[in-house]
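work.cif (mmCIF, C-alpha atoms and all ligand atoms)
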```cif
data_start
#
loop_
_atom_site.label_atom_id
_atom_site.label_comp_id
_atom_site.auth_asym_id
_atom_site.auth_seq_id
_atom_site.Cartn_x
_atom_site.Cartn_y
_atom_site.Cartn_z
CA MET A 914 130.18 66.71 77.68
CA LEU A 915 128.70 68.94 80.35
CA LEU A 916 131.62 70.15 82.41
CA GLY A 917 135.06 71.01 81.04
CA CYS A 918 137.78 71.28 83.68
CA ILE A 919 141.29 72.68 83.55
CA ALA A 920 143.53 71.62 86.43
CA ASP A 921 146.93 73.19 87.14
CA ASP A 922 148.59 69.91 88.15
CA PHE A 923 148.26 66.16 87.75
CA THR A 924 147.26 64.87 91.18
CA GLY A 925 144.93 67.85 91.64
CA ALA A 926 143.23 66.83 88.42
CA THR A 927 142.71 63.29 89.71
CA ASP A 928 141.32 64.62 92.97
CA LEU A 929 138.77 66.72 91.05
CA ALA A 930 137.86 63.85 88.70
CA ASN A 931 137.36 61.60 91.71
CA THR A 932 135.02 64.18 93.31
CA LEU A 933 132.93 64.42 90.14
CA VAL A 934 132.68 60.62 89.92
CA LYS A 935 131.43 60.47 93.51
CA GLU A 936 128.79 63.05 92.56
CA GLY A 937 127.53 60.78 89.80
CA MET A 938 129.42 61.83 86.67
CA HIS A 939 131.43 59.73 84.25
CA VAL A 940 134.81 61.38 83.92
CA VAL A 941 138.01 61.12 81.91
CA GLN A 942 141.24 62.85 82.91
CA SER A 943 143.49 63.76 80.02
CA ILE A 944 147.20 64.24 80.47
CA GLY A 945 147.83 67.60 78.86
CA VAL A 946 145.61 68.98 76.11
CA PRO A 947 144.44 66.06 73.96
CA ALA A 948 146.06 66.03 70.54
CA THR A 949 142.95 64.79 68.78
CA LYS A 950 139.25 65.57 68.73
CA GLY A 951 136.84 63.22 70.48
CA GLY A 952 137.97 59.79 71.60
CA MET A 953 137.00 60.25 75.23
CA GLY A 954 133.86 58.13 74.93
CA ASP A 955 130.56 58.77 76.64
CA VAL A 956 131.60 61.15 79.43
CA ASP A 957 129.94 63.93 81.41
CA ALA A 958 133.17 65.74 82.28
CA VAL A 959 136.78 65.85 81.11
CA VAL A 960 139.54 67.14 83.36
CA VAL A 961 142.55 68.36 81.39
CA ALA A 962 145.58 68.02 83.66
CA LEU A 963 148.17 70.70 82.95
CA LYS A 964 151.49 71.44 84.63
CA SER A 965 150.76 75.13 84.95
CA ARG A 966 151.00 75.84 88.66
CA THR A 967 154.55 77.14 88.66
CA THR A 968 155.36 77.72 85.00
CA PRO A 969 155.80 81.35 83.82
CA ALA A 970 152.38 83.06 83.77
CA ALA A 971 152.35 83.56 79.98
CA GLU A 972 152.92 79.84 79.47
CA ALA A 973 150.23 78.91 82.00
CA VAL A 974 147.78 81.23 80.23
CA ALA A 975 148.59 79.80 76.80
CA ASP A 976 148.25 76.20 78.01
CA SER A 977 144.99 76.97 79.81
CA LEU A 978 143.52 78.69 76.74
CA ALA A 979 144.50 75.70 74.59
CA ALA A 980 142.73 73.40 77.05
CA LEU A 981 139.68 75.68 76.99
CA GLU A 982 139.56 75.63 73.18
CA TRP A 983 139.64 71.83 73.16
CA LEU A 984 136.92 71.56 75.82
CA LYS A 985 134.75 74.10 73.99
CA ALA A 986 135.12 72.21 70.73
CA GLU A 987 133.98 69.06 72.56
CA GLY A 988 130.78 70.84 73.59
CA ALA A 989 131.37 71.53 77.30
CA ARG A 990 128.66 73.84 78.67
CA GLN A 991 130.44 75.06 81.79
CA PHE A 992 134.12 75.39 82.71
CA LEU A 993 136.00 74.90 85.94
CA PHE A 994 139.53 76.13 86.60
CA LYS A 995 140.94 73.93 89.37
CA TYR A 996 143.87 74.91 91.56
CA CYS A 997 145.18 73.76 94.91
CA SER A 998 143.07 74.10 98.05
CA THR A 999 145.98 76.03 99.59
CA PHE A 1000 145.75 78.54 96.69
CA ASP A 1001 149.35 77.74 95.64
CA SER A 1002 150.53 80.74 93.62
CA THR A 1003 152.82 83.77 93.72
CA ASP A 1004 152.25 87.46 93.11
CA ALA A 1005 153.15 86.77 89.48
CA GLY A 1006 150.40 84.17 89.16
CA ASN A 1007 149.20 81.87 88.02
CA ILE A 1008 145.68 81.90 89.42
CA GLY A 1009 144.98 85.57 88.59
CA PRO A 1010 146.39 85.65 85.03
CA VAL A 1011 144.78 82.32 84.08
CA SER A 1012 141.38 83.33 85.53
CA ASP A 1013 141.55 86.66 83.68
CA ALA A 1014 142.34 84.96 80.38
CA LEU A 1015 139.63 82.31 80.73
CA MET A 1016 137.13 84.96 81.81
CA ASP A 1017 137.85 87.02 78.68
CA ALA A 1018 137.66 84.00 76.40
CA LEU A 1019 134.28 83.04 77.85
CA GLY A 1020 132.84 86.53 78.31
CA ALA A 1021 132.29 85.88 82.03
CA GLU A 1022 131.15 88.82 84.13
CA ILE A 1023 132.45 87.71 87.55
CA VAL A 1024 134.26 84.55 88.57
CA VAL A 1025 133.84 82.67 91.83
CA ALA A 1026 137.21 81.82 93.43
CA CYS A 1027 136.80 79.30 96.24
CA PRO A 1028 139.57 76.87 97.17
CA ALA A 1029 137.76 75.64 100.32
CA PHE A 1030 137.90 71.88 100.93
CA PRO A 1031 136.40 71.35 104.39
CA VAL A 1032 136.96 67.57 104.62
CA ASN A 1033 140.68 68.29 104.25
CA GLY A 1034 140.53 71.17 106.73
CA ARG A 1035 140.63 73.99 104.18
CA THR A 1036 137.99 76.57 105.09
CA ILE A 1037 137.53 80.23 104.18
CA TYR A 1038 136.08 82.82 106.56
CA LYS A 1039 136.05 86.57 105.93
CA GLY A 1040 138.25 85.87 102.96
CA HIS A 1041 140.93 84.21 105.08
CA LEU A 1042 142.02 80.67 104.26
CA PHE A 1043 142.50 78.33 107.19
CA VAL A 1044 144.34 75.01 107.05
CA GLY A 1045 143.05 73.01 109.97
CA ASP A 1046 143.09 75.33 112.97
CA VAL A 1047 145.63 77.84 111.68
CA LEU A 1048 145.84 80.47 108.97
CA LEU A 1049 147.35 79.53 105.62
CA ASN A 1050 150.53 81.51 106.37
CA GLU A 1051 151.10 79.56 109.61
CA CYS A 1052 150.55 76.03 108.35
CA GLY A 1053 153.95 75.44 106.77
CA MET A 1054 152.89 76.75 103.34
CA GLU A 1055 154.71 79.98 104.20
CA SER A 1056 157.96 78.12 103.50
CA HIS A 1057 156.91 76.13 100.45
CA PRO A 1058 159.91 75.98 98.07
CA LEU A 1059 157.99 77.16 94.99
CA THR A 1060 154.83 78.93 96.12
CA PRO A 1061 155.35 80.31 99.64
CA MET A 1062 151.99 81.51 100.96
CA THR A 1063 152.73 84.33 103.40
CA ASP A 1064 149.29 85.98 103.44
CA ALA A 1065 146.05 84.18 104.35
CA ASN A 1066 143.77 86.95 103.04
CA LEU A 1067 142.77 85.63 99.63
CA VAL A 1068 141.17 88.90 98.53
CA ARG A 1069 144.61 90.48 98.92
CA VAL A 1070 146.50 87.50 97.50
CA LEU A 1071 144.38 87.35 94.34
CA GLY A 1072 144.33 91.15 94.20
CA ARG A 1073 148.11 91.13 93.71
CA GLN A 1074 147.78 88.75 90.75
CA THR A 1075 145.23 90.68 88.70
CA ARG A 1076 144.45 94.30 87.87
CA ARG A 1077 140.73 93.53 88.09
CA PRO A 1078 138.88 94.26 91.34
CA VAL A 1079 138.42 91.33 93.73
CA GLY A 1080 135.37 91.21 96.01
CA LEU A 1081 134.21 88.93 98.83
CA VAL A 1082 131.01 86.96 99.31
CA PRO A 1083 130.98 86.70 103.11
CA TRP A 1084 129.83 83.65 105.02
CA GLY A 1085 126.74 85.53 106.23
CA ALA A 1086 125.44 85.46 102.65
CA VAL A 1087 126.71 81.94 101.91
CA ALA A 1088 124.91 80.52 104.96
CA LYS A 1089 121.60 81.91 103.67
CA GLY A 1090 121.88 79.79 100.54
CA ALA A 1091 122.05 80.04 96.77
CA ASP A 1092 119.72 83.03 96.32
CA ALA A 1093 121.66 85.18 98.78
CA ILE A 1094 124.96 84.16 97.16
CA ARG A 1095 123.60 85.03 93.72
CA ALA A 1096 122.39 88.41 94.96
CA THR A 1097 125.76 89.20 96.55
CA LEU A 1098 127.63 88.21 93.40
CA ALA A 1099 125.35 90.48 91.35
CA GLU A 1100 125.92 93.30 93.80
CA LEU A 1101 129.70 92.84 93.62
CA ALA A 1102 129.60 92.72 89.83
CA GLY A 1103 127.50 95.92 89.86
CA LYS A 1104 130.30 97.60 91.80
CA GLY A 1105 132.84 96.48 89.22
CA ALA A 1106 134.33 93.37 90.88
CA ARG A 1107 135.43 90.69 88.41
CA HIS A 1108 136.65 88.07 90.88
CA ALA A 1109 134.83 86.98 94.03
CA ILE A 1110 136.49 85.10 96.85
CA VAL A 1111 133.63 83.17 98.46
CA ASP A 1112 133.66 82.09 102.10
CA ALA A 1113 132.91 78.41 102.78
CA VAL A 1114 133.36 76.38 105.96
CA ALA A 1115 131.35 73.24 105.18
CA ASP A 1116 130.35 71.07 102.24
CA ALA A 1117 126.82 72.51 102.44
CA ASP A 1118 128.33 75.94 101.69
CA LEU A 1119 130.13 74.56 98.63
CA ARG A 1120 126.94 72.96 97.36
CA ALA A 1121 125.06 76.26 97.77
CA ILE A 1122 127.83 78.14 95.96
CA GLY A 1123 127.69 75.57 93.15
CA GLU A 1124 123.94 76.05 92.87
CA ALA A 1125 124.34 79.83 92.81
CA ALA A 1126 126.88 79.53 89.99
CA ALA A 1127 124.69 77.31 87.79
CA ASP A 1128 124.58 79.98 85.08
CA HIS A 1129 128.23 80.98 85.34
CA LYS A 1130 130.30 79.94 82.34
CA LEU A 1131 133.45 79.86 84.48
CA ILE A 1132 134.02 78.87 88.10
CA SER A 1133 137.34 78.48 89.88
CA GLY A 1134 138.44 76.74 93.03
CA GLY A 1135 139.70 73.55 94.63
CA SER A 1136 138.09 70.19 94.03
CA GLY A 1137 135.47 71.04 96.69
CA ILE A 1138 133.88 73.67 94.45
CA ALA A 1139 132.83 70.84 92.11
CA LEU A 1140 130.57 69.26 94.75
CA GLY A 1141 127.45 71.19 93.76
CA LEU A 1142 127.93 71.31 89.98
CA PRO A 1143 126.66 67.88 88.87
CA GLU A 1144 123.37 68.55 90.68
CA ASN A 1145 122.82 71.67 88.53
CA PHE A 1146 122.95 69.54 85.40
CA ARG A 1147 120.68 66.94 87.00
CA ARG A 1148 118.15 69.64 87.84
CA GLN A 1149 118.18 70.73 84.20
CA GLY A 1150 117.58 67.15 83.08
CA LEU A 1151 120.99 66.93 81.40
CA LEU A 1152 122.61 64.40 83.72
CA GLY A 1153 120.74 61.16 84.18
CA SER A 1154 121.31 58.86 87.09
CA ARG A 1155 124.11 56.73 85.77
CA PRO A 1156 125.41 53.53 87.27
CA ALA A 1157 128.64 54.24 89.13
CA PRO A 1158 131.68 53.60 86.93
CA SER A 1159 132.82 50.03 87.31
CA LEU A 1160 136.24 48.77 88.32
CA PRO A 1161 138.63 48.02 85.49
CA THR A 1162 138.18 44.38 84.52
CA VAL A 1163 141.76 43.56 83.75
CA GLY A 1164 143.64 40.34 84.23
CA GLY A 1165 147.38 39.96 84.00
CA ARG A 1166 150.08 40.36 86.56
CA ALA A 1167 149.97 42.95 89.32
CA VAL A 1168 152.87 45.24 90.19
CA VAL A 1169 153.44 48.07 92.64
CA ILE A 1170 156.12 50.65 91.78
CA ALA A 1171 157.03 53.06 94.57
CA GLY A 1172 159.29 56.09 94.01
CA SER A 1173 157.86 58.28 96.74
CA CYS A 1174 159.95 58.68 99.89
CA SER A 1175 157.08 60.12 101.95
CA ASN A 1176 156.33 58.69 105.38
CA MET A 1177 153.10 57.06 104.26
CA THR A 1178 154.57 55.43 101.17
CA ARG A 1179 157.47 54.06 103.22
CA ALA A 1180 155.00 52.56 105.69
CA GLN A 1181 153.05 51.05 102.79
CA VAL A 1182 156.26 49.63 101.32
CA ALA A 1183 157.38 48.21 104.69
CA ARG A 1184 154.10 46.36 104.98
CA ALA A 1185 154.00 45.04 101.40
CA GLU A 1186 157.60 43.81 101.33
CA LYS A 1187 156.77 41.34 104.09
CA ILE A 1188 154.25 39.56 101.86
CA TRP A 1189 155.28 40.03 98.22
CA PRO A 1190 158.42 39.39 96.17
CA THR A 1191 160.32 42.69 96.35
CA ARG A 1192 163.13 44.36 94.47
CA VAL A 1193 164.91 47.55 95.52
CA VAL A 1194 166.07 50.00 92.88
CA ASP A 1195 169.28 51.47 94.28
CA PRO A 1196 170.14 54.97 92.99
CA ARG A 1197 173.89 54.40 93.40
CA GLU A 1198 173.79 51.24 91.29
CA LEU A 1199 171.73 53.09 88.71
CA ALA A 1200 174.26 55.91 88.63
CA ALA A 1201 177.09 53.41 88.26
CA GLY A 1202 175.38 52.00 85.16
CA HIS A 1203 174.92 48.50 86.59
CA GLY A 1204 172.00 47.51 84.36
CA VAL A 1205 169.49 47.87 87.18
CA VAL A 1206 166.50 48.16 84.86
CA GLU A 1207 167.45 45.05 82.86
CA ASP A 1208 168.17 43.04 86.03
CA THR A 1209 164.89 44.07 87.61
CA LEU A 1210 162.95 43.07 84.51
CA ALA A 1211 164.77 39.72 84.28
CA TRP A 1212 164.01 39.10 87.96
CA ALA A 1213 160.31 39.90 87.43
CA ALA A 1214 160.13 37.68 84.33
CA GLY A 1215 161.44 34.75 86.39
CA LEU A 1216 158.63 34.93 88.97
CA ASP A 1217 155.49 32.86 88.69
CA GLY A 1218 153.31 35.93 88.12
CA LYS A 1219 150.65 34.81 90.56
CA THR A 1220 151.45 37.10 93.49
CA PRO A 1221 151.82 40.86 93.16
CA VAL A 1222 155.36 42.20 92.93
CA LEU A 1223 156.82 45.28 94.65
CA ILE A 1224 159.58 47.38 93.11
CA TYR A 1225 160.70 50.42 95.05
CA SER A 1226 163.37 53.07 95.47
CA SER A 1227 161.73 54.67 98.52
CA ALA A 1228 164.22 55.46 101.27
CA ASP A 1229 164.30 57.35 104.55
CA PRO A 1230 165.27 61.04 104.68
CA ALA A 1231 168.90 60.38 105.71
CA ALA A 1232 169.45 57.94 102.85
CA VAL A 1233 167.77 60.30 100.38
CA ARG A 1234 170.01 63.17 101.56
CA GLY A 1235 173.08 60.98 101.15
CA VAL A 1236 172.12 60.12 97.56
CA GLN A 1237 171.26 63.74 96.80
CA ASP A 1238 174.58 64.98 98.18
CA GLU A 1239 176.39 62.51 95.98
CA LEU A 1240 174.36 62.75 92.78
CA GLY A 1241 172.55 66.08 93.06
CA ARG A 1242 168.93 66.45 94.09
CA GLU A 1243 167.44 67.03 90.63
CA SER A 1244 169.56 64.55 88.74
CA ALA A 1245 169.06 61.78 91.33
CA GLY A 1246 165.29 62.29 91.16
CA ALA A 1247 165.19 62.42 87.37
CA MET A 1248 167.44 59.36 87.03
CA ILE A 1249 165.24 57.25 89.32
CA GLU A 1250 162.04 58.47 87.68
CA HIS A 1251 163.43 57.59 84.26
CA ALA A 1252 164.39 54.10 85.47
CA MET A 1253 160.93 53.54 86.98
CA GLY A 1254 159.38 54.55 83.66
CA ARG A 1255 161.52 52.05 81.75
CA ILE A 1256 160.73 49.34 84.29
CA ALA A 1257 157.00 50.01 83.92
CA LYS A 1258 157.29 49.80 80.13
CA GLY A 1259 159.20 46.52 80.34
CA LEU A 1260 156.67 45.07 82.77
CA LEU A 1261 153.82 45.97 80.45
CA ASP A 1262 155.56 44.05 77.70
CA GLN A 1263 155.75 41.09 80.14
CA GLY A 1264 151.97 41.12 80.49
CA VAL A 1265 151.41 43.25 83.56
CA GLY A 1266 147.79 44.38 83.54
CA ARG A 1267 147.38 45.98 86.97
CA LEU A 1268 149.78 48.65 88.11
CA VAL A 1269 149.90 50.78 91.25
CA VAL A 1270 152.37 53.70 91.33
CA ALA A 1271 153.28 55.65 94.47
CA GLY A 1272 154.64 59.18 94.04
CA GLY A 1273 153.39 62.19 92.06
CA GLU A 1274 156.52 62.71 89.95
CA THR A 1275 157.03 58.96 89.70
CA SER A 1276 153.46 58.59 88.38
CA GLY A 1277 154.14 61.30 85.80
CA ALA A 1278 157.28 59.48 84.64
CA VAL A 1279 155.45 56.15 84.34
CA VAL A 1280 152.53 57.64 82.44
CA ASN A 1281 154.99 59.35 80.05
CA ALA A 1282 157.03 56.22 79.50
CA LEU A 1283 153.87 54.27 78.68
CA GLY A 1284 152.61 57.05 76.38
CA ILE A 1285 149.23 57.06 78.11
CA TYR A 1286 147.23 60.17 77.25
CA ALA A 1287 144.09 59.77 79.33
CA LEU A 1288 142.63 57.94 82.31
CA ARG A 1289 139.02 56.83 82.64
CA ILE A 1290 138.23 57.42 86.32
CA GLY A 1291 136.77 54.49 88.25
CA PRO A 1292 135.81 53.82 91.87
CA GLU A 1293 137.78 55.28 94.76
CA ILE A 1294 140.34 53.15 96.62
CA ASP A 1295 141.19 55.54 99.47
CA PRO A 1296 140.27 59.25 99.71
CA GLY A 1297 141.41 61.03 96.56
CA VAL A 1298 142.82 57.98 94.77
CA PRO A 1299 140.65 56.15 92.24
CA TRP A 1300 141.31 53.11 90.08
CA THR A 1301 141.57 54.17 86.46
CA ASP A 1302 141.60 52.58 83.02
CA ALA A 1303 144.54 53.80 80.97
CA VAL A 1304 143.76 55.09 77.50
CA GLY A 1305 146.21 55.05 74.60
CA GLY A 1306 149.94 54.84 74.20
CA ALA A 1307 152.04 51.77 74.81
CA VAL A 1308 148.99 50.11 76.27
CA GLY A 1309 147.80 49.73 72.68
CA GLY A 1310 144.95 47.29 72.49
CA LYS A 1311 145.84 45.84 75.89
CA PRO A 1312 143.86 47.10 78.87
CA LEU A 1313 145.79 48.45 81.85
CA ALA A 1314 144.33 49.18 85.27
CA LEU A 1315 146.29 52.01 86.83
CA ALA A 1316 146.21 53.50 90.33
CA LEU A 1317 148.39 56.60 90.72
CA LYS A 1318 148.77 58.03 94.18
CA SER A 1319 150.73 60.96 95.47
CA GLY A 1320 153.15 60.03 98.21
CA ASN A 1321 151.19 60.75 101.37
CA PHE A 1322 147.83 59.43 100.17
CA GLY A 1323 146.18 56.19 101.23
CA GLY A 1324 146.26 54.09 104.37
CA GLU A 1325 149.07 51.71 105.30
CA ASP A 1326 147.30 48.82 103.58
CA PHE A 1327 146.76 50.82 100.39
CA PHE A 1328 148.61 48.45 98.04
CA GLU A 1329 146.79 45.33 99.24
CA LYS A 1330 143.50 47.17 99.35
CA ALA A 1331 143.88 48.49 95.80
CA LEU A 1332 144.82 45.13 94.28
CA GLY A 1333 142.28 43.33 96.47
CA MET A 1334 139.51 45.39 94.87
CA LEU A 1335 140.38 43.95 91.45
CA ALA A 1336 140.77 40.35 92.59
P1 LIG B 1401 155.80 62.31 96.35
O1 LIG B 1401 154.42 62.18 95.76
O2 LIG B 1401 155.94 61.64 97.68
O3 LIG B 1401 156.30 63.72 96.32
P2 LIG B 1401 157.38 61.86 93.99
O4 LIG B 1401 157.43 60.64 93.12
O5 LIG B 1401 156.64 63.05 93.45
O6 LIG B 1401 156.77 61.43 95.40
O7 LIG B 1401 158.82 62.38 94.34
C1 LIG B 1401 159.80 61.56 94.87
C2 LIG B 1401 161.13 61.94 94.24
O8 LIG B 1401 162.17 61.27 94.96
C3 LIG B 1401 161.24 61.46 92.81
O9 LIG B 1401 161.92 62.43 92.05
C4 LIG B 1401 162.07 60.19 92.94
O10 LIG B 1401 162.76 59.85 91.76
C5 LIG B 1401 162.99 60.57 94.07
N1 LIG B 1401 163.56 59.40 94.77
C6 LIG B 1401 162.99 58.18 94.89
N2 LIG B 1401 163.76 57.34 95.60
C7 LIG B 1401 164.86 58.05 95.94
C8 LIG B 1401 166.06 57.75 96.66
N3 LIG B 1401 166.25 56.52 97.20
N4 LIG B 1401 166.98 58.71 96.81
C9 LIG B 1401 166.78 59.93 96.27
N5 LIG B 1401 165.69 60.29 95.58
C10 LIG B 1401 164.73 59.37 95.41
#
```

Mind converting the file's structure to structure tokens?
Amino acid sequence: MLLGCIADDFTGATDLANTLVKEGMHVVQSIGVPATKGGMGDVDAVVVALKSRTTPAAEAVADSLAALEWLKAEGARQFLFKYCSTFDSTDAGNIGPVSDALMDALGAEIVVACPAFPVNGRTIYKGHLFVGDVLLNECGMESHPLTPMTDANLVRVLGRQTRRPVGLVPWGAVAKGADAIRATLAELAGKGARHAIVDAVADADLRAIGEAAADHKLISGGSGIALGLPENFRRQGLLGSRPAPSLPTVGGRAVVIAGSCSNMTRAQVARAEKIWPTRVVDPRELAAGHGVVEDTLAWAAGLDGKTPVLIYSSADPAAVRGVQDELGRESAGAMIEHAMGRIAKGLLDQGVGRLVVAGGETSGAVVNALGIYALRIGPEIDPGVPWTDAVGGAVGGKPLALALKSGNFGGEDFFEKALGMLA
């Protein structure tokens, strides 16, 4: 293994893994810190997906250090701490405390911090993070329920999360290329800085930063910061030109499970229900104990299995509010997620081999219910969403092709497109 990555949430981990695959690596994403040594096969990078974005800082640090230990034991040469491209965090952490702990464990002198992701409109100039045309604190993130971002100056934001000095590599140096970036980092380190926010407004900047950090044990940023890293290993003769990972070759029935209520998922559902047998999971019937899971599975078992099947709970905002008022926001969500997990497990037992799940939390519930502990990352379906091969758990010896997308990802034809790729 060349690159060991620690991601602070699940869909962010997939996004990073997908970027590394596009840059020519073979990648596995593990769900949490793997319980066993090895078992990931012939891979260039492993991305350990944690849930450490909003947990208490001490917990995030402990989980991240456990992930680091596992990656080190597997022989990773360089380490990447991946967080959101909107720098989602609070003054209590967790980007600062986790970076500090990883830096100490690896003996790193100074750590690049660069969440820029220009293709998604996240750019950094003079240390300020822009989302599209506006500053981070004007893009809606200022009212995020868990990590409100009210300051766009990342030098200040990170400075509140760590006692260690934070410096800036300005765009003037970045634009001159890797040597100038390296020189500026050395200068900052000479003045005592331990963290360096690095400006970046284009992919070329991220590639230059990656090149400049070739000798750094630890790098941190969004998935964009990974763009230049595979090339470093290639230059050193450590990463051969590999054939792109192939699509999962899995037969069996195809099912789409949608638990996201986002606009895009609802559009995807509206399109798919016109062409495929469809079943709605109704939260009120679930709450009333009407055997919804059993009925849904019996319905699916009675179909011919030739066409894909759609099972969804997705509803518009007014309907969701109504359900939440009646059942409580958290408990309604958890109840539906649990049901979707049980449905997925039952479908697997019926011989489903290809499964698409819409919704971040819904995906987490399905993966848990199936006991899957890792995903081998395959080709991309739509930006940020790859096909994967599930590893372990209830899948047992049976292969399962899995596409997990967060609510707003993918085009309207995502479900057809995804399953069409495997046909
Ligand atoms: P996204 O990626 O769009 O955020 P998630 O799966 O993460 O999607 O979150 C959607 C949440 O909404 C889940 O907790 C899910 O159980 C819940 N949910 C799904 N359908 C309904 C519904 N009809 N009413 C209320 N909540 C719902």

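The space between CA of Asp921 (chain A) and CA of Asp1004 (chain A) spans 16.4 Å.
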
* **Cut-off 10 Å, only C-alpha atoms and all ligand atoms, neighbours of ligand LIG 1401 (chain B) as an MDAnalysis selection string** => chainID A and resid 924 1171:1179 1193:1197 1225:1253 1270:1278 1317:1322

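Here CA of Val1269 (chain A) stands at a distance of 15.1 Å from CA of Arg1255 (chain A).
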
* To do: Compute the distance from (132.3, 76.4, 99.2) to each atom, counting all atoms listed in the file, keep the residues with any atom at most 6 Å away, and return them as a PyMOL selection string; use the coordinates of the file.
  => chain A and resi 1029+1113+1118-1119+1122+1138

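Nearest-residue note for Ala1014 (chain A): choosing from A:Arg1166, A:His1057, A:Arg1289, A:Arg1077, the minimum distance belongs to A:Arg1077, counting all atoms listed in the file.
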
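Minimum atom-to-atom distance to Ile1037 (chain A), evaluated using only C-alpha atoms, belongs to A:Gly1134 out of A:Gly1072, A:Gly1105, A:Gly1134, A:Pro1078.
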
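Using only C-alpha atoms, the shortest contact distance between Asp1064 (chain A) and any of A:Ser1012, A:Thr1162, A:Ser1002, A:Asn1033 is found at A:Ser1002.
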
* Between CA of Ala1127 (chain A) and CA of Ala1139 (chain A), measure the distance and give it in Å to one decimal. => 11.3 Å

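Remark: for Ala926 (chain A), the closest of the candidate residues A:Cys997, A:Leu1059, A:Ala1201, A:Arg1148 is A:Cys997 (distances computed over only C-alpha atoms).
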
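Of the residues listed (A:Gly1040, A:Gly1020, A:Gly1202, A:Gly1218), A:Gly1218 shows the shortest atom-to-atom separation from Trp1189 (chain A); distances use all atoms listed in the file.
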
* Asked: Looking at A:Leu1268, A:Leu1315, A:Val1070, A:Ala1088, which one is nearest to Ile1290 (chain A), with distances taken over only C-alpha atoms?
  -> A:Leu1315

Could the residues of region 985-1047 of chain A that have an atom at most 12 Å from region 1092-1099 of chain A be listed as a tab-separated table, each with its closest atom pair and the distance in Å to one decimal, counting all atoms listed in the file and ordered by chain and ascending residue number?
```
residue	atom	partner	partner_atom	distance
A:Glu1022	CA	A:Ala1099	CA	9.4
A:Ile1023	CA	A:Leu1098	CA	7.6
A:Val1024	CA	A:Leu1098	CA	9.0
A:Val1025	CA	A:Leu1098	CA	8.5
A:Ala1026	CA	A:Leu1098	CA	11.5
```

* What lies within 7 Å of Thr1075 (chain A) using all atoms listed in the file, ignoring chain neighbours under 3 positions off, as an MDAnalysis selection string? -> chainID A and resid 1009:1010 1071:1072

* Pro1028 (chain A) surroundings by only C-alpha atoms, 10 Å radius, close-in-sequence under 5 positions cut, as a ChimeraX atom specification -> /A:995-1001,1035-1037,1042,1067,1110-1113,1119,1133-1138
